[in-house]
There are 4 protein chains.
Amino acid sequence: MTDPALDPAAPYPTALGASDLKTITLLGQDLATDVMGNVGFGELAFWLATQQRPTPGQVRVFEAVLAALADHGFTPTALAARLTYLSAPDSIQGALAAGLLGGGSRFLGVTEDCGRFLHEVLRDRDPLPSDDDGWDALALEVVEERRAAGAFVPGLGHPVHKEGDPRTRRLFAIAEEEGLVGPHLTLFAAIGRVHPQVLGRTLPLNGAGVCGAALADLGLPIPLLRGFALLARTAGLIGQLAEEMRRPVARRIYETVDRAATPVPPQPWT
Amino acid sequence: MTDPALDPAAPYPTALGASDLKTITLLGQDLATDVMGNVGFGELAFWLATQQRPTPGQVRVFEAVLAALADHGFTPTALAARLTYLSAPDSIQGALAAGLLGGGSRFLGVTEDCGRFLHEVLRDRDPLPSDDDGWDALALEVVEERRAAGAFVPGLGHPVHKEGDPRTRRLFAIAEEEGLVGPHLTLFAAIGRVHPQVLGRTLPLNGAGVCGAALADLGLPIPLLRGFALLARTAGLIGQLAEEMRRPVARRIYETVDRAATPVPPQPWT
Amino acid sequence: MTDPALDPAAPYPTALGASDLKTITLLGQDLATDVMGNVGFGELAFWLATQQRPTPGQVRVFEAVLAALADHGFTPTALAARLTYLSAPDSIQGALAAGLLGGGSRFLGVTEDCGRFLHEVLRDRDPLPSDDDGWDALALEVVEERRAAGAFVPGLGHPVHKEGDPRTRRLFAIAEEEGLVGPHLTLFAAIGRVHPQVLGRTLPLNGAGVCGAALADLGLPIPLLRGFALLARTAGLIGQLAEEMRRPVARRIYETVDRAATPVPPQPWT
Amino acid sequence: MTDPALDPAAPYPTALGASDLKTITLLGQDLATDVMGNVGFGELAFWLATQQRPTPGQVRVFEAVLAALADHGFTPTALAARLTYLSAPDSIQGALAAGLLGGGSRFLGVTEDCGRFLHEVLRDRDPLPSDDDGWDALALEVVEERRAAGAFVPGLGHPVHKEGDPRTRRLFAIAEEEGLVGPHLTLFAAIGRVHPQVLGRTLPLNGAGVCGAALADLGLPIPLLRGFALLARTAGLIGQLAEEMRRPVARRIYETVDRAATPVPPQPWT
């Protein structure tokens with residue numbers, strides 16, 4: 001029997017949680033004595049994702065990203081979670097899951113799109129630029145390529161913070177304080193400097209984008225960048241549900257829309 | 001128009017995220033300058049849920065609980081997330097949501113059940129016991145009531161850690177260090193002392209149960225206790241998905257089951 | 001090795017889908033030749049749930065129930081699905097799942113609650129009443145019991161159809177035409193006759209409730225009654241998403257709420 | 001106030017469910033008298049999606065597709081649903097949603113991918129070929145293009161049914177009986193004839209692919225093709241859950257994997 005898929009008793013390897021009569025381990029640590037009470041939640045989430053313990057500086061940047069993404073008020077995902085709670089108050093897990101399911105390409109996807117975009121540009125560059133002029137030249141090349149392709153540059157522009165997203169400045173500052181400005185943030189900053197000469201107008205580097213750049217510089221898994229936005233959002237959704245329990249809005253949203261519902265004739269799909 | 005539900009333009013109140021051209025606020029704080037870089041992720045999650053900033057001691061107990069609940073290896077929820085990722089790798093949010101949806105009554109529910117159970121016992125007691133004898137008497141009464149009703153005592157017993165759950169000792173110790181052993185943990189400890197004389201055998205106080213007691217003592221919303229288990233589990237599920245990307249097991253699980261599938265005749269439901 | 005859980009190669013029995021090089025079977029039938037083209041979708045869903053082929057009359061009543069429950073316009077679940085599609089248009093499965101997750105105790109639960117309630121009343125009665133007077137006496141007893149317990153009678157009352165739910169009359173008529181009025185529908189009808197003398201006012205038997213009674217009379221699995229409401233709703237949610245693609249409302253709902261968002265001070269949870 | 005997004009009282013149009021005191025309408029029909037008892041469930045789902053009543057032939061082809069896609073045994077999505085039910089038996093909606101969330105690019109996506117692929121080829125052709133030779137020439141061109149791009153042809157090949165998928169033959173036959181073989185099925189058939197001369201081997205036209213072609217020929221919304229696979233699967237998942245209630249396998253799957261879990265050292269992400 002050579003195909004391991006045919007041997008159902010073959011071991012399933014994992015470095016995550018394991019337990020026996022006396023001990024529980026997580027990531028090779030003793031959960032009770034080494035992790036509980038000693039490892040913060042942001043630190044643990046980072047460790048679980050990378051299987052490598054982050055430094056305090058990495059934790060600080062990571063938690064700043066999570067704070068930046070945790071809640072943006074009455075977003076579509078927050079509304080979906082509140083409406084689901086209204087409809088099925090017995091299932092908190094369902095309301096949280098409904099809120100997370102909006103974490104796709106449009107509202108929560110910029111973080112992943114931007115981190116991945118920067119990552120793909122940098123992956124093929126060797127050596128990387130060594131000074132600001134070099135980074136600006138690379139950024140110029142990249143922005144021109146996108147423009148020629150008729151594509152947006154991920155992380156550029158914001159519907160509200162047109163003169164600058166306050167999270168962007170702050171996250172750059174924190175990364176600098178921790179000595180964690182790597183190539184992704186550096187390229188992103190250069191894009192911020194050079195894009196006006198290509199696009200003819202100045203757009204802000206948005207918060208979701210800078211978060212993606214920072215997560216990529218932290219060495220977090222690129223295919224999981226969206227996952228960190230979702231982790232942050234889980235905390236935000238718990239806040240939304242806690243508030244819904246005390247200052248409910250979902251019923252009014254539903255009733256408002258329901259009362260304004262206006263029957264129109266069916267319109268055949270073509 | 002007196003029914004506010006009829007006034008679609010009436011304000012929707014929130015203390016969570018808000019933003020205008022220059023500023024983003026969260027919980028009344030300036031997100032960029034006051035929260036990012038200054039507030040850890042566990043602290044922020046607590047704050048979002050209660051709308052009150054926790055003390056460092058509260059954060060430490062809270063993060064110890066989250067660590068205790070983050071991952072338990074190949075649980076049904078971890079398997080559901082990995083199988084969903086196998087099937088729909090384009091939708092990380094779907095795989096996380098699928099994992100959270102198992103956070104119901106059986107596997108992740110003990111935390112909520114235990115916290116709620118202790119809360120309901122304590123809610124109607126005034127004054128609370130003032131010494132160990134008093135707590136033991138109350139615990140005895142409660143355990144006897146449950147037994148008479150043919151019901152389990154939430155938080156008692158564990159399929160693996162039959163001689164004691166290492167998380168339980170540790171969480172009591174951390175809460176003690178932080179001066180945060182309140183009535184829920186106190187009653188839970190008393191249940192641990194007295195239940196053998198009612199049940200005729202000694203069961204461990206399990207980790208999920210003590211987490212529920214600790215969360216209740218932290219003043220977190222009782223109807224949202226399951227939400228904190230789910231928040232912890234979100235970090236764990238990200239770890240599971242990151243590991244699945246490198247040490248995949250879902251395909252083998254699926255193929256193992258699929259190959260062992262054995263057609264049997266339909267069995268009418270009666 | 002006596003514990004079958006320890007034998008990973010032991011067979012996994014199923015009467016559902018199976019396939020080999022030449023054939024695909026489903027419920028013991030040849031899928032291609034016996035099912036495709038010959039078995040309607042409602043019939044198949046019934047058969048899958050009960051593992052027994054329904055009669056044409058059973059299919060007609062079942063499909064009438066599914067039609068009754070498929071869509072109710074801008075319900076919270078429809079809004080959750082539309083908002084999730086707005087936010088993550090790349091994941092139709094996420095939008096459908098978000099819509100289904102509202103199928104809990106409040107909005108979609110009446111069908112299950114009513115079917116289960118009637119089932120539990122009838123389970124312990126032997127013999128069942130043999131004439132209308134007998135059913136009325138049983139109904140009276142049941143309504144009085146609920147009232148004494150301070151509990152609602154599931155399936156009684158409707159916020160809009162205060163003078164009678166048109167689905168109720170119709171479903172009774174269809175069941176009668178097909179000779180499928182069983183004890184659940186009979187008891188439900190009796191409750192409709194006698195409740196005014198207990199409650200002091202006349203409430204309509206609502207559509208969700210009569211659907212639960214009809215599903216129970218069809219012999220469908222009581223613990224899955226909610227599942228049939230969800231199946232019906234899946235078709236409705238596809239309709240909602242198809243309409244959202246052409247006559248979008250989710251963005252306006254979101255923007256309306258977002259613009260009316262009003263920051264208020266945090267309110268500590270107590 | 002010119003931006004309609006700013007007018008929260010503006011009407012929300014819908015042709016789906018609506019109700020007032022006496023009547024419930026759906027798609028402009030009286031739900032109780034015109035739909036219930038008269039419209040089958042497959043027919044209703046089609047009508048909801050397209051807002052146009054299908055012909056009996058269209059319903060037959062559509063229901064044959066739904067039958068073909070309803071259940072494939074112990075797929076990853078069926079396992080995810082069963083494991084979620086094991087973990088949270090109180091929330092049927094969560095188990096169904098978890099099962100649907102695997103309906104993404106890999107396992108359930110072929111239907112959509114194939115329908116969309118054929119649709120995009122045909123969209124730009126005017127006039128369409130008028131005879132078999134013309135279709136073969138087009139098919140040849142298309143398969144060569146895909147091959148040159150290093151891309152698979154959606155709908156070609158099957159891991160089990162290597163000598164032909166029985167669903168494919170049957171669905172072509174049903175469509176022919178109903179006079180509903182349109183350009184998508186015609187092009188798909190031509191691809192089946194010509195691909196061996198490009199690829200150097202003969203692959204079967206698989207069942208998921210032919211379903212996508214048939215759905216496209218029925219005029220169903222291309223961006224929702226995945227939705228119909230999910231609708232079919234909802235019925236299958238109800239079957240899976242009903243069977244899990246009586247012939248449980250999820251606990252054994254979980255325990256089998258859990259017992260074979262083997263701790264390995266953490267492996268840092270790079």
# chains A, B, ... in the order shown; residues from 1 in each chain; ligands from 1
>>> interface_residues(of="chain B", to="chain C", cutoff="7 Å", atoms="only C-alpha atoms", output="PyMOL selection string")
chain B and resi 9-15+18+27-28+50-52+94+221+257+260-269
>>> write_last_selection(atoms="N, CA, C and O atoms", output="compact mmCIF listing (two decimals), in the first residue's frame")
# COMPACT_ATOMS: atom_id res chain seq x y z
N ALA B 9 -34.81 58.37 8.77
CA ALA B 9 -33.68 59.29 8.89
C ALA B 9 -33.25 59.50 10.34
O ALA B 9 -32.31 60.23 10.61
N ALA B 10 -33.95 58.89 11.28
CA ALA B 10 -33.56 59.03 12.68
C ALA B 10 -32.15 58.49 12.87
O ALA B 10 -31.73 57.59 12.16
N PRO B 11 -31.41 59.05 13.79
CA PRO B 11 -30.01 58.63 13.93
C PRO B 11 -29.86 57.20 14.42
O PRO B 11 -30.72 56.68 15.13
N TYR B 12 -28.75 56.60 14.01
CA TYR B 12 -28.38 55.28 14.50
C TYR B 12 -27.20 55.46 15.45
O TYR B 12 -26.10 55.78 15.02
N PRO B 13 -27.42 55.30 16.74
CA PRO B 13 -26.36 55.59 17.70
C PRO B 13 -25.31 54.49 17.75
O PRO B 13 -25.63 53.31 17.63
N THR B 14 -24.06 54.86 17.94
CA THR B 14 -23.00 53.88 18.15
C THR B 14 -21.81 54.53 18.85
O THR B 14 -21.49 55.69 18.58
N ALA B 15 -21.20 53.78 19.74
CA ALA B 15 -19.96 54.23 20.39
C ALA B 15 -18.74 53.58 19.75
O ALA B 15 -17.62 53.78 20.19
N ALA B 18 -16.17 55.42 14.05
CA ALA B 18 -16.76 56.54 13.33
C ALA B 18 -15.62 57.29 12.66
O ALA B 18 -14.49 57.25 13.12
N LEU B 27 -14.60 53.90 20.10
CA LEU B 27 -14.89 53.93 21.53
C LEU B 27 -14.55 55.29 22.12
O LEU B 27 -14.10 55.41 23.26
N GLY B 28 -14.77 56.34 21.33
CA GLY B 28 -14.50 57.68 21.81
C GLY B 28 -13.02 58.07 21.81
O GLY B 28 -12.67 59.19 22.19
N THR B 50 -17.15 45.52 26.19
CA THR B 50 -17.73 46.12 27.41
C THR B 50 -17.86 47.63 27.32
O THR B 50 -18.48 48.23 28.19
N GLN B 51 -17.25 48.23 26.31
CA GLN B 51 -17.19 49.69 26.18
C GLN B 51 -16.53 50.33 27.40
O GLN B 51 -16.80 51.48 27.74
N GLN B 52 -15.66 49.59 28.05
CA GLN B 52 -14.93 50.12 29.20
C GLN B 52 -13.51 49.56 29.14
O GLN B 52 -13.34 48.34 28.97
N GLY B 94 -14.73 32.00 4.14
CA GLY B 94 -15.65 30.87 4.22
C GLY B 94 -15.09 29.76 5.09
O GLY B 94 -15.82 29.15 5.87
N PRO B 221 -19.97 40.42 29.09
CA PRO B 221 -21.40 40.14 28.88
C PRO B 221 -21.69 38.64 28.88
O PRO B 221 -21.18 37.90 28.04
N VAL B 257 -12.10 8.68 4.10
CA VAL B 257 -13.51 8.43 4.36
C VAL B 257 -14.20 7.99 3.07
O VAL B 257 -14.97 7.03 3.06
N ALA B 260 -13.60 4.45 2.19
CA ALA B 260 -14.23 3.51 3.11
C ALA B 260 -15.75 3.60 3.07
O ALA B 260 -16.45 2.89 3.81
N ALA B 261 -16.26 4.48 2.21
CA ALA B 261 -17.71 4.59 2.07
C ALA B 261 -18.28 3.26 1.60
O ALA B 261 -17.75 2.64 0.69
N THR B 262 -19.36 2.85 2.22
CA THR B 262 -19.96 1.56 1.91
C THR B 262 -21.45 1.75 1.70
O THR B 262 -22.16 2.11 2.63
N PRO B 263 -21.89 1.51 0.46
CA PRO B 263 -23.32 1.68 0.21
C PRO B 263 -24.17 0.74 1.05
O PRO B 263 -23.85 -0.45 1.16
N VAL B 264 -25.18 1.28 1.66
CA VAL B 264 -26.14 0.47 2.41
C VAL B 264 -27.53 0.82 1.89
O VAL B 264 -27.71 1.88 1.29
N PRO B 265 -28.50 -0.06 2.08
CA PRO B 265 -29.84 0.26 1.58
C PRO B 265 -30.43 1.46 2.32
O PRO B 265 -30.13 1.67 3.51
N PRO B 266 -31.24 2.23 1.63
CA PRO B 266 -31.94 3.32 2.32
C PRO B 266 -32.71 2.78 3.52
O PRO B 266 -33.21 1.65 3.50
N GLN B 267 -32.79 3.63 4.54
CA GLN B 267 -33.46 3.24 5.77
C GLN B 267 -34.54 4.29 6.05
O GLN B 267 -34.21 5.39 6.49
N PRO B 268 -35.78 3.98 5.75
CA PRO B 268 -36.82 5.01 5.89
C PRO B 268 -36.86 5.61 7.29
O PRO B 268 -36.71 4.90 8.29
N TRP B 269 -37.04 6.89 7.34
CA TRP B 269 -37.16 7.61 8.61
C TRP B 269 -38.49 7.26 9.26
O TRP B 269 -39.51 7.22 8.61
>>> select_by_dssp(residues="range 41-70 of chain B", states="alpha helix (DSSP H)", output="mmCIF file with all heavy atoms, in the first residue's frame")
data_model
loop_
_atom_site.group_PDB
_atom_site.id
_atom_site.type_symbol
_atom_site.label_atom_id
_atom_site.label_comp_id
_atom_site.auth_asym_id
_atom_site.auth_seq_id
_atom_site.Cartn_x
_atom_site.Cartn_y
_atom_site.Cartn_z
ATOM 1 N N PHE B 41 -4.221 43.740 21.415
ATOM 2 C CA PHE B 41 -5.421 43.229 20.745
ATOM 3 C C PHE B 41 -6.406 42.614 21.734
ATOM 4 O O PHE B 41 -7.616 42.787 21.612
ATOM 5 C CB PHE B 41 -5.031 42.218 19.669
ATOM 6 C CG PHE B 41 -6.201 41.740 18.862
ATOM 7 C CD1 PHE B 41 -7.051 42.640 18.243
ATOM 8 C CD2 PHE B 41 -6.461 40.384 18.713
ATOM 9 C CE1 PHE B 41 -8.137 42.202 17.486
ATOM 10 C CE2 PHE B 41 -7.541 39.939 17.964
ATOM 11 C CZ PHE B 41 -8.380 40.857 17.363
ATOM 12 N N GLY B 42 -5.901 41.920 22.730
ATOM 13 C CA GLY B 42 -6.784 41.377 23.752
ATOM 14 C C GLY B 42 -7.486 42.503 24.502
ATOM 15 O O GLY B 42 -8.697 42.449 24.756
ATOM 16 N N GLU B 43 -6.702 43.500 24.844
ATOM 17 C CA GLU B 43 -7.267 44.661 25.532
ATOM 18 C C GLU B 43 -8.360 45.320 24.695
ATOM 19 O O GLU B 43 -9.427 45.682 25.203
ATOM 20 C CB GLU B 43 -6.119 45.662 25.780
ATOM 21 C CG GLU B 43 -6.522 46.901 26.548
ATOM 22 C CD GLU B 43 -5.316 47.813 26.784
ATOM 23 O OE1 GLU B 43 -4.191 47.481 26.299
ATOM 24 O OE2 GLU B 43 -5.489 48.849 27.456
ATOM 25 N N LEU B 44 -8.095 45.461 23.413
ATOM 26 C CA LEU B 44 -9.067 46.110 22.536
ATOM 27 C C LEU B 44 -10.344 45.279 22.430
ATOM 28 O O LEU B 44 -11.456 45.816 22.461
ATOM 29 C CB LEU B 44 -8.460 46.315 21.148
ATOM 30 C CG LEU B 44 -9.380 47.002 20.134
ATOM 31 C CD1 LEU B 44 -9.749 48.410 20.596
ATOM 32 C CD2 LEU B 44 -8.718 47.041 18.754
ATOM 33 N N ALA B 45 -10.199 43.964 22.324
ATOM 34 C CA ALA B 45 -11.385 43.108 22.211
ATOM 35 C C ALA B 45 -12.252 43.232 23.464
ATOM 36 O O ALA B 45 -13.485 43.303 23.393
ATOM 37 C CB ALA B 45 -10.972 41.655 21.998
ATOM 38 N N PHE B 46 -11.607 43.264 24.623
ATOM 39 C CA PHE B 46 -12.327 43.434 25.897
ATOM 40 C C PHE B 46 -13.058 44.772 25.895
ATOM 41 O O PHE B 46 -14.249 44.863 26.228
ATOM 42 C CB PHE B 46 -11.291 43.382 27.032
ATOM 43 C CG PHE B 46 -11.842 43.276 28.416
ATOM 44 C CD1 PHE B 46 -11.546 42.169 29.207
ATOM 45 C CD2 PHE B 46 -12.632 44.270 28.970
ATOM 46 C CE1 PHE B 46 -12.026 42.058 30.511
ATOM 47 C CE2 PHE B 46 -13.109 44.181 30.273
ATOM 48 C CZ PHE B 46 -12.809 43.070 31.044
ATOM 49 N N TRP B 47 -12.347 45.798 25.500
ATOM 50 C CA TRP B 47 -12.891 47.161 25.485
ATOM 51 C C TRP B 47 -14.077 47.266 24.530
ATOM 52 O O TRP B 47 -15.108 47.870 24.847
ATOM 53 C CB TRP B 47 -11.760 48.107 25.073
ATOM 54 C CG TRP B 47 -11.944 49.559 25.374
ATOM 55 C CD1 TRP B 47 -13.080 50.220 25.727
ATOM 56 C CD2 TRP B 47 -10.907 50.560 25.331
ATOM 57 N NE1 TRP B 47 -12.811 51.561 25.908
ATOM 58 C CE2 TRP B 47 -11.492 51.803 25.662
ATOM 59 C CE3 TRP B 47 -9.547 50.527 25.027
ATOM 60 C CZ2 TRP B 47 -10.751 52.996 25.714
ATOM 61 C CZ3 TRP B 47 -8.825 51.717 25.067
ATOM 62 C CH2 TRP B 47 -9.420 52.937 25.408
ATOM 63 N N LEU B 48 -13.945 46.663 23.356
ATOM 64 C CA LEU B 48 -15.041 46.683 22.386
ATOM 65 C C LEU B 48 -16.288 45.991 22.939
ATOM 66 O O LEU B 48 -17.416 46.431 22.708
ATOM 67 C CB LEU B 48 -14.609 45.981 21.093
ATOM 68 C CG LEU B 48 -13.702 46.783 20.159
ATOM 69 C CD1 LEU B 48 -12.998 45.866 19.171
ATOM 70 C CD2 LEU B 48 -14.498 47.858 19.419
ATOM 71 N N ALA B 49 -16.094 44.922 23.678
ATOM 72 C CA ALA B 49 -17.236 44.154 24.184
ATOM 73 C C ALA B 49 -17.935 44.861 25.340
ATOM 74 O O ALA B 49 -19.154 44.783 25.475
ATOM 75 C CB ALA B 49 -16.787 42.762 24.619
ATOM 76 N N THR B 50 -17.149 45.517 26.193
ATOM 77 C CA THR B 50 -17.730 46.116 27.410
ATOM 78 C C THR B 50 -17.860 47.626 27.317
ATOM 79 O O THR B 50 -18.476 48.234 28.189
ATOM 80 C CB THR B 50 -16.853 45.812 28.628
ATOM 81 O OG1 THR B 50 -15.563 46.410 28.408
ATOM 82 C CG2 THR B 50 -16.700 44.311 28.853
ATOM 83 N N PRO B 56 -4.802 46.408 33.435
ATOM 84 C CA PRO B 56 -3.800 45.420 33.006
ATOM 85 C C PRO B 56 -4.064 44.032 33.589
ATOM 86 O O PRO B 56 -3.870 43.017 32.908
ATOM 87 C CB PRO B 56 -2.484 46.003 33.521
ATOM 88 C CG PRO B 56 -2.729 47.478 33.545
ATOM 89 C CD PRO B 56 -4.173 47.644 33.955
ATOM 90 N N GLY B 57 -4.513 43.959 34.831
ATOM 91 C CA GLY B 57 -4.816 42.653 35.416
ATOM 92 C C GLY B 57 -5.954 41.967 34.693
ATOM 93 O O GLY B 57 -5.913 40.758 34.432
ATOM 94 N N GLN B 58 -6.978 42.722 34.364
ATOM 95 C CA GLN B 58 -8.099 42.135 33.613
ATOM 96 C C GLN B 58 -7.643 41.642 32.246
ATOM 97 O O GLN B 58 -8.066 40.586 31.782
ATOM 98 C CB GLN B 58 -9.221 43.177 33.437
ATOM 99 C CG GLN B 58 -9.978 43.464 34.729
ATOM 100 C CD GLN B 58 -11.016 44.561 34.551
ATOM 101 O OE1 GLN B 58 -10.725 45.596 33.946
ATOM 102 N NE2 GLN B 58 -12.198 44.360 35.100
ATOM 103 N N VAL B 59 -6.764 42.424 31.612
ATOM 104 C CA VAL B 59 -6.259 41.996 30.300
ATOM 105 C C VAL B 59 -5.489 40.684 30.441
ATOM 106 O O VAL B 59 -5.642 39.771 29.624
ATOM 107 C CB VAL B 59 -5.354 43.081 29.677
ATOM 108 C CG1 VAL B 59 -4.694 42.563 28.396
ATOM 109 C CG2 VAL B 59 -6.164 44.339 29.387
ATOM 110 N N ARG B 60 -4.695 40.566 31.507
ATOM 111 C CA ARG B 60 -3.882 39.355 31.631
ATOM 112 C C ARG B 60 -4.768 38.118 31.822
ATOM 113 O O ARG B 60 -4.543 37.080 31.197
ATOM 114 C CB ARG B 60 -2.893 39.495 32.803
ATOM 115 C CG ARG B 60 -1.964 38.300 32.914
ATOM 116 C CD ARG B 60 -0.700 38.601 33.668
ATOM 117 N NE ARG B 60 0.051 37.370 33.865
ATOM 118 C CZ ARG B 60 0.147 36.718 35.030
ATOM 119 N NH1 ARG B 60 -0.438 37.214 36.122
ATOM 120 N NH2 ARG B 60 0.832 35.594 35.105
ATOM 121 N N VAL B 61 -5.770 38.233 32.691
ATOM 122 C CA VAL B 61 -6.681 37.092 32.874
ATOM 123 C C VAL B 61 -7.426 36.795 31.572
ATOM 124 O O VAL B 61 -7.546 35.644 31.151
ATOM 125 C CB VAL B 61 -7.681 37.376 34.020
ATOM 126 C CG1 VAL B 61 -8.731 36.264 34.101
ATOM 127 C CG2 VAL B 61 -6.938 37.521 35.344
ATOM 128 N N PHE B 62 -7.894 37.843 30.904
ATOM 129 C CA PHE B 62 -8.653 37.669 29.659
ATOM 130 C C PHE B 62 -7.799 36.976 28.602
ATOM 131 O O PHE B 62 -8.240 36.030 27.947
ATOM 132 C CB PHE B 62 -9.105 39.049 29.178
ATOM 133 C CG PHE B 62 -9.940 39.039 27.922
ATOM 134 C CD1 PHE B 62 -11.126 38.333 27.858
ATOM 135 C CD2 PHE B 62 -9.545 39.769 26.807
ATOM 136 C CE1 PHE B 62 -11.913 38.345 26.706
ATOM 137 C CE2 PHE B 62 -10.320 39.785 25.648
ATOM 138 C CZ PHE B 62 -11.502 39.077 25.602
ATOM 139 N N GLU B 63 -6.558 37.421 28.458
ATOM 140 C CA GLU B 63 -5.692 36.817 27.435
ATOM 141 C C GLU B 63 -5.297 35.392 27.821
ATOM 142 O O GLU B 63 -5.062 34.560 26.937
ATOM 143 C CB GLU B 63 -4.460 37.696 27.184
ATOM 144 C CG GLU B 63 -4.862 39.022 26.520
ATOM 145 C CD GLU B 63 -3.683 39.828 25.975
ATOM 146 O OE1 GLU B 63 -2.686 39.990 26.711
ATOM 147 O OE2 GLU B 63 -3.771 40.282 24.811
ATOM 148 N N ALA B 64 -5.229 35.113 29.118
ATOM 149 C CA ALA B 64 -4.972 33.724 29.529
ATOM 150 C C ALA B 64 -6.140 32.827 29.115
ATOM 151 O O ALA B 64 -5.948 31.685 28.672
ATOM 152 C CB ALA B 64 -4.744 33.649 31.037
ATOM 153 N N VAL B 65 -7.356 33.353 29.250
ATOM 154 C CA VAL B 65 -8.534 32.597 28.810
ATOM 155 C C VAL B 65 -8.483 32.369 27.297
ATOM 156 O O VAL B 65 -8.709 31.250 26.811
ATOM 157 C CB VAL B 65 -9.838 33.337 29.196
ATOM 158 C CG1 VAL B 65 -11.044 32.722 28.480
ATOM 159 C CG2 VAL B 65 -10.025 33.317 30.701
ATOM 160 N N LEU B 66 -8.176 33.421 26.557
ATOM 161 C CA LEU B 66 -8.125 33.277 25.099
ATOM 162 C C LEU B 66 -7.059 32.254 24.700
ATOM 163 O O LEU B 66 -7.271 31.447 23.793
ATOM 164 C CB LEU B 66 -7.840 34.631 24.437
ATOM 165 C CG LEU B 66 -8.931 35.690 24.622
ATOM 166 C CD1 LEU B 66 -8.521 37.007 23.949
ATOM 167 C CD2 LEU B 66 -10.273 35.231 24.074
ATOM 168 N N ALA B 67 -5.924 32.266 25.388
ATOM 169 C CA ALA B 67 -4.879 31.282 25.086
ATOM 170 C C ALA B 67 -5.385 29.870 25.374
ATOM 171 O O ALA B 67 -5.128 28.928 24.620
ATOM 172 C CB ALA B 67 -3.629 31.579 25.903
ATOM 173 N N ALA B 68 -6.099 29.733 26.493
ATOM 174 C CA ALA B 68 -6.594 28.405 26.872
ATOM 175 C C ALA B 68 -7.555 27.837 25.827
ATOM 176 O O ALA B 68 -7.659 26.625 25.657
ATOM 177 C CB ALA B 68 -7.284 28.477 28.234
ATOM 178 N N LEU B 69 -8.282 28.715 25.136
ATOM 179 C CA LEU B 69 -9.339 28.268 24.226
ATOM 180 C C LEU B 69 -8.972 28.323 22.747
ATOM 181 O O LEU B 69 -9.761 27.932 21.887
ATOM 182 C CB LEU B 69 -10.599 29.124 24.445
ATOM 183 C CG LEU B 69 -11.210 29.100 25.837
ATOM 184 C CD1 LEU B 69 -12.383 30.068 25.916
ATOM 185 C CD2 LEU B 69 -11.659 27.695 26.211
#
>>> closest_residue(among="A:Pro127, A:Pro248, A:Gly179, A:Gly157", to="Arg201 in chain A", atoms="only C-alpha atoms")
A:Gly157
>>> atom_distance(atom1="CA of Gly207 in chain C", atom2="CA of Gly227 in chain C")
16.5 Å
>>> residues_around(residues="Leu205 in chain C", least_positions_apart="2", cutoff="12 Å", atoms="only C-alpha atoms", output="PyMOL selection string")
chain C and resi 110-111+114+153-159+161-172+185+187-196+202-203+207-213
>>> atom_distance(atom1="CA of Leu100 in chain C", atom2="CA of Ala173 in chain C")
29.4 Å
>>> atom_distance(atom1="CA of Arg146 in chain B", atom2="CA of Asp113 in chain B")
13.6 Å
>>> closest_residue(among="B:Ile174, B:Leu96, B:Leu108, B:Gly150", to="Leu231 in chain A", atoms="only C-alpha atoms")
B:Leu96
>>> select_by_dssp(residues="range 25-250 of chain D", states="strand (DSSP E)", output="PyMOL selection string")
chain D and resi 25-26+29-30
>>> write_last_selection(atoms="all heavy atoms", output="short mmCIF file (atom, residue, chain, number, x, y, z; two decimals), in the first residue's frame")
data_model
loop_
_atom_site.label_atom_id
_atom_site.label_comp_id
_atom_site.auth_asym_id
_atom_site.auth_seq_id
_atom_site.Cartn_x
_atom_site.Cartn_y
_atom_site.Cartn_z
N THR D 25 -48.02 38.28 -2.18
CA THR D 25 -47.67 38.07 -3.58
C THR D 25 -46.20 37.68 -3.66
O THR D 25 -45.38 37.99 -2.80
CB THR D 25 -47.91 39.31 -4.44
OG1 THR D 25 -47.10 40.37 -3.92
CG2 THR D 25 -49.37 39.72 -4.43
N LEU D 26 -45.91 36.97 -4.73
CA LEU D 26 -44.54 36.56 -5.02
C LEU D 26 -44.41 36.58 -6.53
O LEU D 26 -45.21 35.94 -7.23
CB LEU D 26 -44.29 35.14 -4.47
CG LEU D 26 -42.89 34.58 -4.60
CD1 LEU D 26 -41.90 35.38 -3.77
CD2 LEU D 26 -42.86 33.12 -4.14
N GLN D 29 -47.49 37.10 -8.50
CA GLN D 29 -48.56 36.12 -8.39
C GLN D 29 -49.14 36.14 -6.98
O GLN D 29 -48.47 36.52 -6.03
CB GLN D 29 -48.00 34.69 -8.62
CG GLN D 29 -47.14 34.54 -9.82
CD GLN D 29 -47.92 34.74 -11.11
OE1 GLN D 29 -48.93 34.09 -11.32
NE2 GLN D 29 -47.48 35.68 -11.94
N ASP D 30 -50.38 35.68 -6.85
CA ASP D 30 -50.94 35.46 -5.53
C ASP D 30 -50.31 34.17 -4.97
O ASP D 30 -50.53 33.08 -5.53
CB ASP D 30 -52.46 35.35 -5.62
CG ASP D 30 -53.09 35.23 -4.24
OD1 ASP D 30 -52.86 34.19 -3.56
OD2 ASP D 30 -53.77 36.17 -3.80
#
